Amino acid sequence: MAKKRKEAPKSFDFPFARENYRLLITGIIIIIAGFLLMIGGGSDDPNYFNPEIFSFRRITLAPLVTVFGFVFIIYAIMKKPKGASQDKQEK
């Protein structure tokens, strides 16, 4: 009968480093800012048209800020921490 060996408990490693999480949160804040820039410009009266809905801020700036936020999040996910390759080699 074979004896079962007790294995040492495995340490839990987070998928990202602290820097990656900071960058992810920053990207989320950028996206929220983009959506906040899109708010407004509507009219309370359905018989009145408010041309401010077509302002530069809502048509150009807000979508660019939002897309930049998504690109920033992709960068945050793909970025390797500075000491990641050394940590893997030591184990």
# chains A, B, ... in the order shown; residues from 1 in each chain; ligands from 1
$ select_by_dssp --residues "chain A" --states "alpha helix (DSSP H)" --output "compact mmCIF listing (two decimals) with C-alpha atoms, in the first residue's frame"
# COMPACT_ATOMS: atom_id res chain seq x y z
CA ARG A 18 0.07 45.86 -7.94
CA GLU A 19 1.09 48.18 -10.79
CA ASN A 20 -1.24 46.35 -13.21
CA TYR A 21 -4.19 46.81 -10.87
CA ARG A 22 -3.45 50.51 -10.55
CA LEU A 23 -3.36 50.84 -14.33
CA LEU A 24 -6.64 48.91 -14.65
CA ILE A 25 -8.36 51.20 -12.17
CA THR A 26 -6.97 54.23 -14.00
CA GLY A 27 -8.34 52.88 -17.29
CA ILE A 28 -11.77 52.34 -15.74
CA ILE A 29 -11.76 55.92 -14.45
CA ILE A 30 -10.84 57.18 -17.94
CA ILE A 31 -13.75 55.23 -19.46
CA ILE A 32 -16.16 56.61 -16.86
CA ALA A 33 -14.90 60.13 -17.64
CA GLY A 34 -15.60 59.50 -21.33
CA PHE A 35 -19.15 58.44 -20.62
CA LEU A 36 -19.68 61.41 -18.33
CA LEU A 37 -18.57 63.70 -21.17
CA MET A 38 -21.34 62.21 -23.32
CA PHE A 56 -17.61 68.79 -30.16
CA ALA A 62 -16.04 61.78 -25.42
CA PRO A 63 -15.71 58.82 -27.81
CA LEU A 64 -11.96 59.43 -28.15
CA VAL A 65 -11.54 59.51 -24.36
CA THR A 66 -13.57 56.31 -24.03
CA VAL A 67 -11.59 54.47 -26.70
CA PHE A 68 -8.34 55.66 -25.09
CA GLY A 69 -9.59 54.20 -21.80
CA PHE A 70 -10.17 50.81 -23.42
CA VAL A 71 -6.73 50.88 -25.06
CA PHE A 72 -5.23 51.83 -21.70
CA ILE A 73 -6.92 48.82 -20.07
CA ILE A 74 -5.52 46.52 -22.76
CA TYR A 75 -2.07 47.97 -22.06
CA ALA A 76 -2.58 47.40 -18.31
CA ILE A 77 -3.46 43.76 -18.91
CA MET A 78 -0.55 43.11 -21.28
CA ALA A 84 8.20 39.10 -13.16
CA SER A 85 10.84 37.27 -15.20
CA GLN A 86 13.27 37.17 -12.26
CA ASP A 87 10.60 35.81 -9.89
CA LYS A 88 9.75 32.93 -12.24
CA GLN A 89 13.40 31.96 -12.67
CA GLU A 90 14.04 31.83 -8.92
$ closest_residue --among "A:Pro51, A:Gly41, A:Pro15, A:Pro46" --to "A:Pro81" --atoms "only C-alpha atoms"
A:Pro15
$ atom_distance --atom1 "atom CA of A:Ile53" --atom2 "atom CA of A:Gly40"
7.2 Å
$ atom_distance --atom1 "atom CA of A:Ser11" --atom2 "atom CA of A:Lys80"
20.2 Å
